[in-house]
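Okay, structure first, notes after.
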Amino acid sequence: MELGLSPARAATYSLIENPGKLDHLVCCRDVEWRHALCGYIAKDTSLMHDSDIVCTGCIEAAEGMGALPGDRQCPLDNRPCPDEAEMQRMIDERISGT
């Protein structure tokens, strides 16, 4: 698995918590975590944490690729998504820039 080898690790990300803000779904294997499943491209490097509102277009795109929210199956390559501990490690790396 290529997780943790992305050149995006050098980028500086910020973690924001805003439950009322619209959140988009990105693939954990996307190098920049900016290309949402619905086609939206984020201009900043903020990572949303605990959003209550998820883009309907992202959900529909994932479902159209055969993945249902919560399946922990990547809709892009049909491989298992990382578990919560691995995702937190990836987020921590991107926030710290290491």
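Order determines the names: the first chain of the structure tokens is A, the second B, and so forth; residues in each chain are numbered 1 upward, and ligands are numbered 1 upward as they are shown.
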As a PyMOL selection string, which residues of chain A does DSSP assign to strand (DSSP E)? chain A and resi 14-17+22-23+46-49+53-54
Excluding Ile59 in chain A and its own-chain neighbours fewer than 2 positions away, which residues fall within 8 Å of it when counting only C-alpha atoms? Please give them as JSON, numbers by chain. {"A": [25, 37, 38, 54, 55, 56, 57, 61, 62, 63, 68, 69]}
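CA of Asn78 in chain A lies 27.0 Å from CA of Ile95 in chain A.
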When you look at Ile91 in chain A with a cut-off of 9 Å (counting only C-alpha atoms), what residues show up, excluding the ones that are within fewer than 5 positions of it in the same chain? I need them as a list in words.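 Everything that qualifies: Tyr13, Leu15, Leu47, Glu86 and Ser96 of chain A.
Shortest atom-to-atom contact with Val26 in chain A among A:Cys81, A:Ile53, A:Ala67, A:Cys58: A:Cys58, counting only C-alpha atoms.
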Rounded to one decimal place, report the CA of Gly64 in chain A-CA of Arg89 in chain A distance in Å. 28.9 Å
Which residue of A:Met65, A:Cys28, A:Ala36, A:Leu22 approaches Asp50 in chain A most closely, using only C-alpha atoms: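 That would be A:Leu22, the residue with the smallest distance to Asp50 in chain A.
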For CA of Cys74 in chain A and CA of Arg29 in chain A, determine how far apart the two atoms are, in Å to one decimal place.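 Between CA of Cys74 in chain A and CA of Arg29 in chain A the gap works out to 9.2 Å.
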Once DSSP has gone over the backbone, tell me which residues of range 51-82 of chain A are in helix (DSSP H, G or I), as a list in words.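 Across range 51-82 of chain A, those assigned helix (DSSP H, G or I) are Thr56, Gly57, Cys58, Ile59, Glu60, Ala61, Ala62, Glu63 and Gly64 of chain A.
Nearest to Asp83 in chain A of all the residues A:Val31, A:Tyr40, A:Gly70, A:Asp52 is A:Gly70, counting only C-alpha atoms.
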